[in-house]
>>> print(open('query.pdb').read())   # PDB, C-alpha atoms
ATOM      1  CA  MET A  14       0.000   0.000   0.000
ATOM      2  CA  ALA A  15       1.401   3.346  -1.068
ATOM      3  CA  SER A  16       0.857   6.588   0.763
ATOM      4  CA  ILE A  17       0.264   9.841  -1.122
ATOM      5  CA  ASP A  18       0.669  13.311   0.354
ATOM      6  CA  VAL A  19      -1.890  15.877  -0.740
ATOM      7  CA  LYS A  20      -0.463  19.382  -0.480
ATOM      8  CA  SER A  21      -1.979  22.809  -1.058
ATOM      9  CA  GLU A  22      -0.950  24.661  -4.188
ATOM     10  CA  ILE A  23      -2.077  27.973  -2.746
ATOM     11  CA  THR A  24      -2.193  29.998   0.450
ATOM     12  CA  GLY A  25      -5.659  30.487   1.895
ATOM     13  CA  THR A  26      -8.110  29.138   4.439
ATOM     14  CA  ILE A  27      -9.779  25.752   4.646
ATOM     15  CA  TRP A  28     -13.429  26.386   3.886
ATOM     16  CA  LYS A  29     -14.906  22.896   3.628
ATOM     17  CA  ILE A  30     -13.644  19.389   4.205
ATOM     18  CA  GLU A  31     -15.635  17.028   2.008
ATOM     19  CA  VAL A  32     -14.209  13.651   3.155
ATOM     20  CA  LYS A  33     -13.096  11.926   6.351
ATOM     21  CA  ALA A  34     -10.527   9.283   7.240
ATOM     22  CA  GLY A  35     -11.602   5.912   5.908
ATOM     23  CA  ASP A  36     -13.586   7.297   2.948
ATOM     24  CA  LYS A  37     -12.903   5.732  -0.432
ATOM     25  CA  VAL A  38     -12.249   8.329  -3.126
ATOM     26  CA  ALA A  39     -11.912   8.207  -6.903
ATOM     27  CA  GLU A  40      -9.265  10.130  -8.813
ATOM     28  CA  GLU A  41     -10.270  13.842  -9.035
ATOM     29  CA  ASP A  42     -12.848  13.606  -6.242
ATOM     30  CA  VAL A  43     -12.965  16.821  -4.209
ATOM     31  CA  LEU A  44     -11.289  16.321  -0.815
ATOM     32  CA  ILE A  45     -11.171  19.855   0.504
ATOM     33  CA  ILE A  46     -12.208  23.341  -0.670
ATOM     34  CA  ILE A  47      -9.824  26.202   0.032
ATOM     35  CA  GLU A  48     -10.859  29.830  -0.008
ATOM     36  CA  SER A  49      -8.317  32.423  -1.055
ATOM     37  CA  MET A  50      -9.107  36.021  -1.969
ATOM     38  CA  LYS A  51     -12.804  35.173  -2.255
ATOM     39  CA  MET A  52     -12.165  32.389  -4.707
ATOM     40  CA  GLU A  53     -13.172  28.849  -3.845
ATOM     41  CA  ILE A  54     -10.598  26.327  -5.010
ATOM     42  CA  PRO A  55     -11.024  22.555  -4.756
ATOM     43  CA  VAL A  56      -8.253  20.158  -3.750
ATOM     44  CA  LEU A  57      -8.668  16.892  -5.641
ATOM     45  CA  ALA A  58      -7.584  13.322  -5.001
ATOM     46  CA  PRO A  59      -4.525  12.780  -7.238
ATOM     47  CA  GLU A  60      -5.353   9.067  -7.459
ATOM     48  CA  ALA A  61      -8.088   6.704  -6.340
ATOM     49  CA  GLY A  62      -7.648   5.378  -2.806
ATOM     50  CA  THR A  63      -8.701   5.645   0.800
ATOM     51  CA  VAL A  64      -8.396   8.770   2.919
ATOM     52  CA  ALA A  65      -5.818   7.900   5.589
ATOM     53  CA  GLU A  66      -5.870  11.227   7.425
ATOM     54  CA  ILE A  67      -6.983  14.817   7.111
ATOM     55  CA  LEU A  68      -4.371  17.090   8.642
ATOM     56  CA  VAL A  69      -6.278  20.363   8.682
ATOM     57  CA  LYS A  70      -9.566  21.606  10.055
ATOM     58  CA  GLU A  71     -12.202  23.941   8.686
ATOM     59  CA  GLU A  72     -11.369  27.662   9.013
ATOM     60  CA  GLU A  73      -7.659  26.887   9.483
ATOM     61  CA  PRO A  74      -5.302  29.195   7.553
ATOM     62  CA  ILE A  75      -2.908  27.214   5.340
ATOM     63  CA  LYS A  76       0.163  27.985   3.301
ATOM     64  CA  GLU A  77       1.246  26.999  -0.198
ATOM     65  CA  GLY A  78       2.926  23.588  -0.022
ATOM     66  CA  GLN A  79       1.326  22.661   3.312
ATOM     67  CA  LEU A  80       0.360  19.016   3.774
ATOM     68  CA  LEU A  81      -3.440  18.750   3.884
ATOM     69  CA  ALA A  82      -4.213  15.032   3.765
ATOM     70  CA  ARG A  83      -2.782  11.589   3.157
ATOM     71  CA  LEU A  84      -4.299   8.936   0.946
ATOM     72  CA  HIS A  85      -3.564   5.227   0.810
ATOM     73  CA  THR A  86      -3.693   3.729  -2.654
TER      74      THR A  86
ATOM     75  CA  MET B  24      -0.432  37.599 -26.012
ATOM     76  CA  THR B  25      -4.013  36.761 -26.869
ATOM     77  CA  THR B  26      -6.235  34.453 -24.924
ATOM     78  CA  GLY B  27      -6.595  32.237 -27.987
ATOM     79  CA  ALA B  28     -10.204  31.889 -26.956
ATOM     80  CA  ARG B  29     -13.590  33.260 -27.831
ATOM     81  CA  PRO B  30     -14.521  36.570 -26.215
ATOM     82  CA  ILE B  31     -16.399  36.821 -22.942
ATOM     83  CA  GLY B  32     -20.080  36.968 -23.869
ATOM     84  CA  HIS B  33     -19.723  35.210 -27.247
ATOM     85  CA  GLN B  34     -22.718  33.236 -25.996
ATOM     86  CA  ILE B  35     -25.176  34.618 -23.459
ATOM     87  CA  ILE B  36     -27.848  32.474 -21.828
ATOM     88  CA  ARG B  37     -30.669  34.562 -20.354
ATOM     89  CA  LEU B  38     -32.896  33.053 -17.684
ATOM     90  CA  PRO B  39     -35.876  34.541 -15.845
ATOM     91  CA  GLU B  40     -34.756  32.810 -12.680
ATOM     92  CA  ALA B  41     -31.963  30.645 -11.303
ATOM     93  CA  VAL B  42     -31.115  29.423  -7.829
ATOM     94  CA  SER B  43     -27.579  30.719  -8.415
ATOM     95  CA  THR B  44     -25.977  31.344 -11.798
ATOM     96  CA  ASN B  45     -22.604  30.203 -10.394
ATOM     97  CA  THR B  46     -24.036  26.875  -9.236
ATOM     98  CA  LEU B  47     -25.907  26.401 -12.503
ATOM     99  CA  VAL B  48     -22.675  26.789 -14.484
ATOM    100  CA  LEU B  49     -20.562  24.723 -12.079
ATOM    101  CA  GLU B  50     -22.988  21.821 -12.328
ATOM    102  CA  SER B  51     -22.968  21.770 -16.141
ATOM    103  CA  PRO B  52     -19.857  20.212 -17.714
ATOM    104  CA  GLU B  53     -21.029  21.606 -21.067
ATOM    105  CA  TYR B  54     -21.229  25.178 -19.780
ATOM    106  CA  LEU B  55     -17.888  24.840 -17.991
ATOM    107  CA  GLU B  56     -16.188  23.773 -21.196
ATOM    108  CA  ASN B  57     -17.337  26.968 -22.904
ATOM    109  CA  HIS B  58     -14.785  29.707 -22.179
ATOM    110  CA  GLY B  59     -16.496  33.086 -22.411
ATOM    111  CA  LEU B  60     -20.009  31.762 -21.832
ATOM    112  CA  VAL B  61     -22.183  34.092 -19.752
ATOM    113  CA  VAL B  62     -25.337  33.094 -17.879
ATOM    114  CA  ILE B  63     -27.541  35.922 -16.627
ATOM    115  CA  ALA B  64     -30.682  35.606 -14.500
ATOM    116  CA  GLU B  65     -33.351  38.213 -13.761
ATOM    117  CA  HIS B  66     -33.774  36.757 -10.305
ATOM    118  CA  GLN B  67     -31.576  34.544  -8.139
ATOM    119  CA  THR B  68     -33.499  32.637  -5.492
ATOM    120  CA  GLY B  69     -30.412  31.266  -3.760
ATOM    121  CA  GLY B  70     -27.531  33.502  -4.814
ATOM    122  CA  ARG B  71     -24.477  33.156  -2.651
ATOM    123  CA  GLY B  72     -21.778  35.415  -1.415
ATOM    124  CA  ARG B  73     -18.455  34.379  -0.013
ATOM    125  CA  VAL B  74     -18.441  31.051   1.857
ATOM    126  CA  GLY B  75     -22.152  30.571   1.563
ATOM    127  CA  ARG B  76     -23.415  33.985   2.652
ATOM    128  CA  ASP B  77     -26.757  34.935   1.132
ATOM    129  CA  TRP B  78     -27.041  37.456  -1.662
ATOM    130  CA  ALA B  79     -30.055  39.810  -1.503
ATOM    131  CA  SER B  80     -31.942  39.583  -4.790
ATOM    132  CA  LEU B  81     -33.949  42.456  -6.316
ATOM    133  CA  PRO B  82     -35.648  40.814  -9.321
ATOM    134  CA  GLY B  83     -35.188  42.790 -12.534
ATOM    135  CA  ARG B  84     -33.210  45.560 -10.877
ATOM    136  CA  GLN B  85     -29.824  43.880 -10.536
ATOM    137  CA  LEU B  86     -27.373  42.465 -13.034
ATOM    138  CA  GLN B  87     -26.645  38.967 -11.774
ATOM    139  CA  PHE B  88     -24.482  36.879 -14.007
ATOM    140  CA  SER B  89     -21.699  34.339 -14.156
ATOM    141  CA  LEU B  90     -18.981  33.974 -16.734
ATOM    142  CA  VAL B  91     -16.705  31.040 -17.518
ATOM    143  CA  LEU B  92     -12.941  31.449 -17.851
ATOM    144  CA  HIS B  93     -10.247  28.922 -18.741
ATOM    145  CA  PRO B  94      -7.271  30.850 -17.386
ATOM    146  CA  PRO B  95      -3.870  29.631 -18.612
ATOM    147  CA  LEU B  96      -2.286  30.848 -15.365
ATOM    148  CA  PRO B  97      -0.131  29.108 -12.760
ATOM    149  CA  ARG B  98      -2.325  27.951  -9.877
ATOM    150  CA  GLU B  99      -0.829  30.445  -7.412
ATOM    151  CA  GLN B 100      -1.774  33.328  -9.753
ATOM    152  CA  THR B 101      -5.334  32.180 -10.308
ATOM    153  CA  PRO B 102      -6.759  33.965  -7.232
ATOM    154  CA  LEU B 103      -5.609  37.264  -8.787
ATOM    155  CA  LEU B 104      -8.647  36.904 -11.035
ATOM    156  CA  SER B 105     -10.627  37.800  -7.936
ATOM    157  CA  LEU B 106      -9.039  41.247  -7.582
ATOM    158  CA  VAL B 107      -9.002  41.829 -11.326
ATOM    159  CA  ALA B 108     -12.744  41.138 -11.620
ATOM    160  CA  GLY B 109     -13.486  43.771  -8.960
ATOM    161  CA  LEU B 110     -11.174  46.314 -10.580
ATOM    162  CA  ALA B 111     -12.889  45.768 -13.927
ATOM    163  CA  VAL B 112     -16.322  46.459 -12.403
ATOM    164  CA  GLY B 113     -14.940  49.569 -10.681
ATOM    165  CA  ASN B 114     -13.422  50.863 -13.926
ATOM    166  CA  CYS B 115     -16.714  50.300 -15.695
ATOM    167  CA  LEU B 116     -18.659  52.338 -13.116
ATOM    168  CA  THR B 117     -16.111  55.142 -13.430
ATOM    169  CA  ARG B 118     -16.237  55.219 -17.226
ATOM    170  CA  GLU B 119     -19.918  54.625 -17.832
ATOM    171  CA  LEU B 120     -21.517  56.461 -14.923
ATOM    172  CA  ALA B 121     -18.796  58.860 -13.736
ATOM    173  CA  LEU B 122     -18.954  57.326 -10.254
ATOM    174  CA  ARG B 123     -16.041  57.032  -7.831
ATOM    175  CA  PRO B 124     -16.078  53.417  -6.694
ATOM    176  CA  LEU B 125     -14.000  52.137  -3.823
ATOM    177  CA  LEU B 126     -12.736  48.549  -3.713
ATOM    178  CA  LYS B 127     -12.754  46.577  -0.502
ATOM    179  CA  TRP B 128     -10.294  43.698  -0.454
ATOM    180  CA  PRO B 129     -10.494  41.454  -2.282
ATOM    181  CA  ASN B 130     -13.243  42.581  -4.660
ATOM    182  CA  ASP B 131     -16.329  44.158  -3.131
ATOM    183  CA  VAL B 132     -17.252  47.397  -4.889
ATOM    184  CA  PHE B 133     -18.488  50.226  -2.702
ATOM    185  CA  LEU B 134     -19.917  53.662  -3.366
ATOM    186  CA  GLY B 135     -19.166  55.679  -0.279
ATOM    187  CA  ALA B 136     -19.733  53.434   2.711
ATOM    188  CA  ARG B 137     -22.259  51.171   0.980
ATOM    189  CA  LYS B 138     -21.707  48.067  -1.099
ATOM    190  CA  VAL B 139     -23.041  48.094  -4.662
ATOM    191  CA  CYS B 140     -21.461  44.952  -6.131
ATOM    192  CA  GLY B 141     -20.400  41.556  -4.851
ATOM    193  CA  ILE B 142     -18.252  39.038  -6.684
ATOM    194  CA  LEU B 143     -17.652  35.354  -5.974
ATOM    195  CA  LEU B 144     -15.241  33.160  -7.908
ATOM    196  CA  GLU B 145     -15.392  29.394  -7.880
ATOM    197  CA  MET B 146     -13.017  27.003  -9.543
ATOM    198  CA  LYS B 147     -13.590  23.482 -10.744
ATOM    199  CA  MET B 148     -11.154  21.087 -12.355
ATOM    200  CA  GLN B 149     -12.507  19.510 -15.499
ATOM    201  CA  GLY B 150     -10.471  17.294 -17.777
ATOM    202  CA  GLY B 151      -7.408  18.149 -15.708
ATOM    203  CA  ALA B 152      -7.706  21.897 -16.346
ATOM    204  CA  PRO B 153      -9.039  24.688 -14.140
ATOM    205  CA  ARG B 154     -12.366  26.255 -15.050
ATOM    206  CA  VAL B 155     -13.172  29.443 -13.180
ATOM    207  CA  VAL B 156     -16.676  30.798 -12.743
ATOM    208  CA  VAL B 157     -16.860  34.514 -11.944
ATOM    209  CA  GLY B 158     -20.203  35.454 -10.408
ATOM    210  CA  ILE B 159     -21.040  39.161 -10.351
ATOM    211  CA  GLY B 160     -24.020  40.797  -8.685
ATOM    212  CA  LEU B 161     -24.509  44.528  -9.219
ATOM    213  CA  ASN B 162     -27.336  46.587  -7.699
ATOM    214  CA  CYS B 163     -28.574  48.775 -10.561
ATOM    215  CA  ASN B 164     -32.098  50.133 -10.167
ATOM    216  CA  GLY B 165     -34.330  50.429  -7.148
ATOM    217  CA  ALA B 166     -33.310  51.963  -3.830
ATOM    218  CA  PRO B 167     -31.633  50.774  -0.624
ATOM    219  CA  GLU B 168     -35.128  50.682   0.915
ATOM    220  CA  ASP B 169     -35.983  47.782  -1.409
ATOM    221  CA  PHE B 170     -33.555  45.505   0.456
ATOM    222  CA  PRO B 171     -34.377  43.675   3.692
ATOM    223  CA  PRO B 172     -34.327  46.122   6.662
ATOM    224  CA  ASP B 173     -31.080  44.771   8.130
ATOM    225  CA  LEU B 174     -29.218  45.455   4.853
ATOM    226  CA  GLN B 175     -30.589  48.888   3.947
ATOM    227  CA  GLU B 176     -27.800  50.755   5.699
ATOM    228  CA  SER B 177     -25.023  48.727   4.117
ATOM    229  CA  LEU B 178     -26.172  48.408   0.486
ATOM    230  CA  THR B 179     -26.814  50.886  -2.276
ATOM    231  CA  THR B 180     -27.847  50.900  -5.937
ATOM    232  CA  LEU B 181     -26.455  52.731  -8.951
ATOM    233  CA  ALA B 182     -29.784  54.511  -9.498
ATOM    234  CA  HIS B 183     -29.728  55.757  -5.904
ATOM    235  CA  GLU B 184     -26.179  57.075  -6.294
ATOM    236  CA  THR B 185     -26.596  58.692  -9.712
ATOM    237  CA  GLY B 186     -30.194  59.862  -9.276
ATOM    238  CA  ARG B 187     -31.144  58.300 -12.623
ATOM    239  CA  ALA B 188     -32.481  54.950 -13.805
ATOM    240  CA  VAL B 189     -29.712  52.754 -15.172
ATOM    241  CA  ASN B 190     -29.828  51.298 -18.689
ATOM    242  CA  MET B 191     -29.030  47.791 -17.568
ATOM    243  CA  GLN B 192     -28.487  46.280 -21.008
ATOM    244  CA  ALA B 193     -25.944  48.915 -21.995
ATOM    245  CA  LEU B 194     -24.190  48.526 -18.657
ATOM    246  CA  PHE B 195     -24.159  44.728 -18.984
ATOM    247  CA  ALA B 196     -22.380  45.006 -22.349
ATOM    248  CA  ALA B 197     -19.864  47.444 -20.852
ATOM    249  CA  LEU B 198     -19.247  45.127 -17.875
ATOM    250  CA  LEU B 199     -18.488  42.181 -20.169
ATOM    251  CA  ALA B 200     -16.128  44.297 -22.282
ATOM    252  CA  GLY B 201     -14.449  45.492 -19.091
ATOM    253  CA  GLN B 202     -13.953  41.937 -17.817
ATOM    254  CA  GLN B 203     -12.451  40.971 -21.175
ATOM    255  CA  GLU B 204     -10.037  43.889 -21.133
ATOM    256  CA  ALA B 205      -8.843  43.206 -17.571
ATOM    257  CA  TYR B 206      -8.506  39.453 -18.213
ATOM    258  CA  ASP B 207      -6.461  40.079 -21.368
ATOM    259  CA  ARG B 208      -4.180  42.424 -19.459
ATOM    260  CA  LEU B 209      -3.595  39.863 -16.686
ATOM    261  CA  LEU B 210      -2.737  37.191 -19.242
ATOM    262  CA  ALA B 211      -0.462  39.644 -21.036
ATOM    263  CA  GLY B 212       1.647  39.939 -17.879
ATOM    264  CA  GLN B 213       0.314  43.278 -16.630
ATOM    265  CA  GLN B 214      -0.163  41.973 -13.101
ATOM    266  CA  THR B 215       1.844  44.755 -11.458
ATOM    267  CA  ALA B 216      -0.011  47.548 -13.258
ATOM    268  CA  LEU B 217      -3.370  45.939 -12.475
ATOM    269  CA  LEU B 218      -2.511  45.642  -8.791
ATOM    270  CA  GLU B 219      -1.367  49.285  -8.721
ATOM    271  CA  GLU B 220      -4.684  50.339 -10.230
ATOM    272  CA  TRP B 221      -6.472  48.121  -7.750
ATOM    273  CA  SER B 222      -4.603  49.772  -4.855
ATOM    274  CA  ALA B 223      -5.431  53.240  -6.154
ATOM    275  CA  MET B 224      -9.128  52.374  -6.284
ATOM    276  CA  ALA B 225      -9.034  50.711  -2.864
ATOM    277  CA  ALA B 226      -7.525  53.692  -1.030
ATOM    278  CA  LEU B 227      -6.718  51.283   1.751
ATOM    279  CA  GLU B 228      -3.386  52.499   3.013
ATOM    280  CA  GLY B 229      -3.609  53.359   6.674
ATOM    281  CA  ARG B 230      -7.249  52.339   6.931
ATOM    282  CA  ALA B 231      -8.236  50.888  10.292
ATOM    283  CA  LEU B 232      -9.916  47.503  10.079
ATOM    284  CA  ILE B 233     -10.806  44.346  11.926
ATOM    285  CA  TYR B 234      -9.522  41.090  10.458
ATOM    286  CA  PRO B 235     -10.410  37.518  11.346
ATOM    287  CA  THR B 236      -7.875  35.119  12.868
ATOM    288  CA  PRO B 237      -8.335  31.568  14.185
ATOM    289  CA  GLU B 238      -8.286  33.131  17.661
ATOM    290  CA  GLY B 239     -11.007  35.656  16.836
ATOM    291  CA  PRO B 240     -11.226  39.117  15.237
ATOM    292  CA  ARG B 241      -8.256  41.454  15.683
ATOM    293  CA  PRO B 242      -7.824  45.187  15.023
ATOM    294  CA  GLY B 243      -5.194  46.326  12.530
ATOM    295  CA  LYS B 244      -4.338  48.837   9.844
ATOM    296  CA  ALA B 245      -4.110  48.179   6.106
ATOM    297  CA  LEU B 246      -0.635  48.723   4.644
ATOM    298  CA  GLY B 247      -1.172  47.668   1.026
ATOM    299  CA  ILE B 248      -1.175  44.502  -1.062
ATOM    300  CA  THR B 249       1.551  42.087  -2.113
ATOM    301  CA  GLU B 250       2.477  41.059  -5.668
ATOM    302  CA  GLU B 251       0.191  38.048  -5.148
ATOM    303  CA  GLY B 252      -2.722  40.279  -4.211
ATOM    304  CA  HIS B 253      -2.654  39.393  -0.525
ATOM    305  CA  LEU B 254      -3.452  42.155   1.939
ATOM    306  CA  LEU B 255      -0.741  43.428   4.281
ATOM    307  CA  ILE B 256      -2.024  44.406   7.707
ATOM    308  CA  GLU B 257      -0.152  46.100  10.536
ATOM    309  CA  THR B 258      -1.219  44.371  13.719
ATOM    310  CA  ALA B 259      -1.920  46.174  17.001
ATOM    311  CA  ALA B 260       1.507  44.980  18.180
ATOM    312  CA  GLY B 261       3.188  46.585  15.147
ATOM    313  CA  ALA B 262       3.936  43.347  13.266
ATOM    314  CA  THR B 263       3.004  42.745   9.626
ATOM    315  CA  HIS B 264       0.344  40.136   8.954
ATOM    316  CA  VAL B 265      -0.328  38.770   5.459
ATOM    317  CA  HIS B 266      -4.057  38.265   5.002
ATOM    318  CA  HIS B 267      -5.267  35.732   2.409
ATOM    319  CA  SER B 268      -8.908  35.136   3.124
ATOM    320  CA  GLY B 269     -11.721  36.095   5.416
ATOM    321  CA  GLU B 270     -14.076  39.035   5.635
ATOM    322  CA  LEU B 271     -12.683  42.371   6.781
ATOM    323  CA  GLU B 272     -14.553  45.026   8.616
ATOM    324  CA  TRP B 273     -13.627  48.664   8.182
ATOM    325  CA  THR B 274     -13.690  50.616  11.380
ATOM    326  CA  GLU B 275     -13.450  54.082   9.828
TER     327      GLU B 275
END
>>> encode(input="query.pdb", output="structure tokens")
Amino acid sequence: MASIDVKSEITGTIWKIEVKAGDKVAEEDVLIIIESMKMEIPVLAPEAGTVAEILVKEEEPIKEGQLLARLHT
Amino acid sequence: MTTGARPIGHQIIRLPEAVSTNTLVLESPEYLENHGLVVIAEHQTGGRGRVGRDWASLPGRQLQFSLVLHPPLPREQTPLLSLVAGLAVGNCLTRELALRPLLKWPNDVFLGARKVCGILLEMKMQGGAPRVVVGIGLNCNGAPEDFPPDLQESLTTLAHETGRAVNMQALFAALLAGQQEAYDRLLAGQQTALLEEWSAMAALEGRALIYPTPEGPRPGKALGITEEGHLLIETAAGATHVHHSGELEWTE
């Protein structure tokens, strides 16, 4: 089983978390929605797998490159 | 550099009513694939502002529309579209109606102390490429008294500010042309000039405000914006805080 890190490509705030640990996701499923400068930007699953952990919480400010979640594939 | 794409408004879908034009576009893969498509509704029954806030609808007296963009920009530059969309609306109100709009970070458009236009951008990945939906709501005709009582003090309309009824169709065409011009300039690498114009229209330097933090709202003073369009705030302790998201409240 491989582990994949899901990182943020932008700086912003976590608006919505759409999945929880244990959820099965398909490639390109929305995991998290980030809000930055009044633009809502989805973070997608890079591959199909299972959500191992979500490392942020809603309303948390995040930085570009920050680890948001881990998937097991 | 050209966008290599059809102009904004090459196709316009007009609806008497929609829950939210942004949601309607986001839920249609066909619409999302159509760069430059515009959907406009006379009435939005469930229009949204930032992070799910409600938008107050005045049927037939507001321009409420969404446009689709396929921006060939690096991901970290994509949120700049948010500031650029607000600047384009501000420029349009200056040119067409000789008003003096004021931008509130990142893209609310005010006339005096009252908001006249709200903008919400949403992005969706489709076929591995970002599709951005820019939703714009502009209060044209009618008066502040037409809004719900709790919003009358904080909102205004163009007709109220100019003292004349607004030709909404002419203004709609000018708004689309303005969005096209600003988008072309961003893609042509004029980010710095656009942000300077944005700053001039925001008049934010030194303005006292309250900004949200995970520990609760904090007082500060606006210093300006960064090259990425983030807001620089001087904290009460004299430090510099870079603000990326969250509603600000002006205290003067």
>>> atom_distance(input="query.pdb", atom1="CA of Phe88 (chain B)", atom2="CA of Gln214 (chain B)")
24.9 Å
>>> closest_atom_pairs(input="query.pdb", of="chain B", to="chain A", cutoff="10 Å", atoms="only C-alpha atoms", output="JSON lines")
{"residue": "B:Gly72", "atom": "CA", "partner": "A:Lys51", "partner_atom": "CA", "distance": 9.0}
{"residue": "B:Arg73", "atom": "CA", "partner": "A:Lys51", "partner_atom": "CA", "distance": 6.1}
{"residue": "B:Val74", "atom": "CA", "partner": "A:Trp28", "partner_atom": "CA", "distance": 7.1}
{"residue": "B:Gly75", "atom": "CA", "partner": "A:Trp28", "partner_atom": "CA", "distance": 9.9}
{"residue": "B:Pro97", "atom": "CA", "partner": "A:Glu22", "partner_atom": "CA", "distance": 9.7}
{"residue": "B:Arg98", "atom": "CA", "partner": "A:Glu22", "partner_atom": "CA", "distance": 6.7}
{"residue": "B:Glu99", "atom": "CA", "partner": "A:Ile23", "partner_atom": "CA", "distance": 5.4}
{"residue": "B:Gln100", "atom": "CA", "partner": "A:Ile23", "partner_atom": "CA", "distance": 8.8}
{"residue": "B:Thr101", "atom": "CA", "partner": "A:Met52", "partner_atom": "CA", "distance": 8.8}
{"residue": "B:Pro102", "atom": "CA", "partner": "A:Met50", "partner_atom": "CA", "distance": 6.1}
{"residue": "B:Leu103", "atom": "CA", "partner": "A:Met50", "partner_atom": "CA", "distance": 7.8}
{"residue": "B:Leu104", "atom": "CA", "partner": "A:Met52", "partner_atom": "CA", "distance": 8.5}
{"residue": "B:Ser105", "atom": "CA", "partner": "A:Met50", "partner_atom": "CA", "distance": 6.4}
{"residue": "B:Leu106", "atom": "CA", "partner": "A:Met50", "partner_atom": "CA", "distance": 7.7}
{"residue": "B:Trp128", "atom": "CA", "partner": "A:Met50", "partner_atom": "CA", "distance": 7.9}
{"residue": "B:Pro129", "atom": "CA", "partner": "A:Met50", "partner_atom": "CA", "distance": 5.6}
{"residue": "B:Asn130", "atom": "CA", "partner": "A:Lys51", "partner_atom": "CA", "distance": 7.8}
{"residue": "B:Asp131", "atom": "CA", "partner": "A:Lys51", "partner_atom": "CA", "distance": 9.7}
{"residue": "B:Ile142", "atom": "CA", "partner": "A:Lys51", "partner_atom": "CA", "distance": 8.0}
{"residue": "B:Leu143", "atom": "CA", "partner": "A:Lys51", "partner_atom": "CA", "distance": 6.1}
{"residue": "B:Leu144", "atom": "CA", "partner": "A:Met52", "partner_atom": "CA", "distance": 4.5}
{"residue": "B:Glu145", "atom": "CA", "partner": "A:Glu53", "partner_atom": "CA", "distance": 4.6}
{"residue": "B:Met146", "atom": "CA", "partner": "A:Ile54", "partner_atom": "CA", "distance": 5.2}
{"residue": "B:Lys147", "atom": "CA", "partner": "A:Pro55", "partner_atom": "CA", "distance": 6.6}
{"residue": "B:Met148", "atom": "CA", "partner": "A:Pro55", "partner_atom": "CA", "distance": 7.7}
{"residue": "B:Gln149", "atom": "CA", "partner": "A:Glu41", "partner_atom": "CA", "distance": 8.9}
{"residue": "B:Gly150", "atom": "CA", "partner": "A:Glu41", "partner_atom": "CA", "distance": 9.4}
{"residue": "B:Gly151", "atom": "CA", "partner": "A:Glu41", "partner_atom": "CA", "distance": 8.4}
{"residue": "B:Pro153", "atom": "CA", "partner": "A:Ile54", "partner_atom": "CA", "distance": 9.4}
{"residue": "B:Val155", "atom": "CA", "partner": "A:Met52", "partner_atom": "CA", "distance": 9.0}
{"residue": "B:Val156", "atom": "CA", "partner": "A:Met52", "partner_atom": "CA", "distance": 9.4}
{"residue": "B:Val157", "atom": "CA", "partner": "A:Met52", "partner_atom": "CA", "distance": 8.9}
{"residue": "B:Thr236", "atom": "CA", "partner": "A:Pro74", "partner_atom": "CA", "distance": 8.4}
{"residue": "B:Pro237", "atom": "CA", "partner": "A:Glu73", "partner_atom": "CA", "distance": 6.7}
{"residue": "B:Gly252", "atom": "CA", "partner": "A:Met50", "partner_atom": "CA", "distance": 8.0}
{"residue": "B:His253", "atom": "CA", "partner": "A:Met50", "partner_atom": "CA", "distance": 7.4}
{"residue": "B:Leu254", "atom": "CA", "partner": "A:Met50", "partner_atom": "CA", "distance": 9.2}
{"residue": "B:His266", "atom": "CA", "partner": "A:Gly25", "partner_atom": "CA", "distance": 8.5}
{"residue": "B:His267", "atom": "CA", "partner": "A:Gly25", "partner_atom": "CA", "distance": 5.3}
{"residue": "B:Ser268", "atom": "CA", "partner": "A:Ser49", "partner_atom": "CA", "distance": 5.0}
{"residue": "B:Gly269", "atom": "CA", "partner": "A:Lys51", "partner_atom": "CA", "distance": 7.8}
{"residue": "B:Glu270", "atom": "CA", "partner": "A:Lys51", "partner_atom": "CA", "distance": 8.9}
>>> atom_distance(input="query.pdb", atom1="CA of Ala188 (chain B)", atom2="CA of Leu81 (chain B)")
14.6 Å
>>> residues_around(input="query.pdb", residues="region 170-181 of chain B", least_positions_apart="3", cutoff="10 Å", atoms="only C-alpha atoms", output="list in words")
Ala79, Ser80, Leu81, Arg84, Gln85, Leu116, Leu120, Leu122, Phe133, Leu134, Gly135, Ala136, Arg137, Lys138, Val139, Cys140, Leu161, Asn162, Cys163, Asn164, Gly165, Ala166, Pro167, Glu184, Thr185, Gly186, Arg187, Ala188 and Val189 of chain B
>>> write_last_selection(input="query.pdb", atoms="C-alpha atoms", output="tab-separated table (two decimals), keeping the file's coordinate frame")
chain	number	residue	atom	x	y	z
B	79	ALA	CA	-30.06	39.81	-1.50
B	80	SER	CA	-31.94	39.58	-4.79
B	81	LEU	CA	-33.95	42.46	-6.32
B	84	ARG	CA	-33.21	45.56	-10.88
B	85	GLN	CA	-29.82	43.88	-10.54
B	116	LEU	CA	-18.66	52.34	-13.12
B	120	LEU	CA	-21.52	56.46	-14.92
B	122	LEU	CA	-18.95	57.33	-10.25
B	133	PHE	CA	-18.49	50.23	-2.70
B	134	LEU	CA	-19.92	53.66	-3.37
B	135	GLY	CA	-19.17	55.68	-0.28
B	136	ALA	CA	-19.73	53.43	2.71
B	137	ARG	CA	-22.26	51.17	0.98
B	138	LYS	CA	-21.71	48.07	-1.10
B	139	VAL	CA	-23.04	48.09	-4.66
B	140	CYS	CA	-21.46	44.95	-6.13
B	161	LEU	CA	-24.51	44.53	-9.22
B	162	ASN	CA	-27.34	46.59	-7.70
B	163	CYS	CA	-28.57	48.78	-10.56
B	164	ASN	CA	-32.10	50.13	-10.17
B	165	GLY	CA	-34.33	50.43	-7.15
B	166	ALA	CA	-33.31	51.96	-3.83
B	167	PRO	CA	-31.63	50.77	-0.62
B	184	GLU	CA	-26.18	57.08	-6.29
B	185	THR	CA	-26.60	58.69	-9.71
B	186	GLY	CA	-30.19	59.86	-9.28
B	187	ARG	CA	-31.14	58.30	-12.62
B	188	ALA	CA	-32.48	54.95	-13.80
B	189	VAL	CA	-29.71	52.75	-15.17
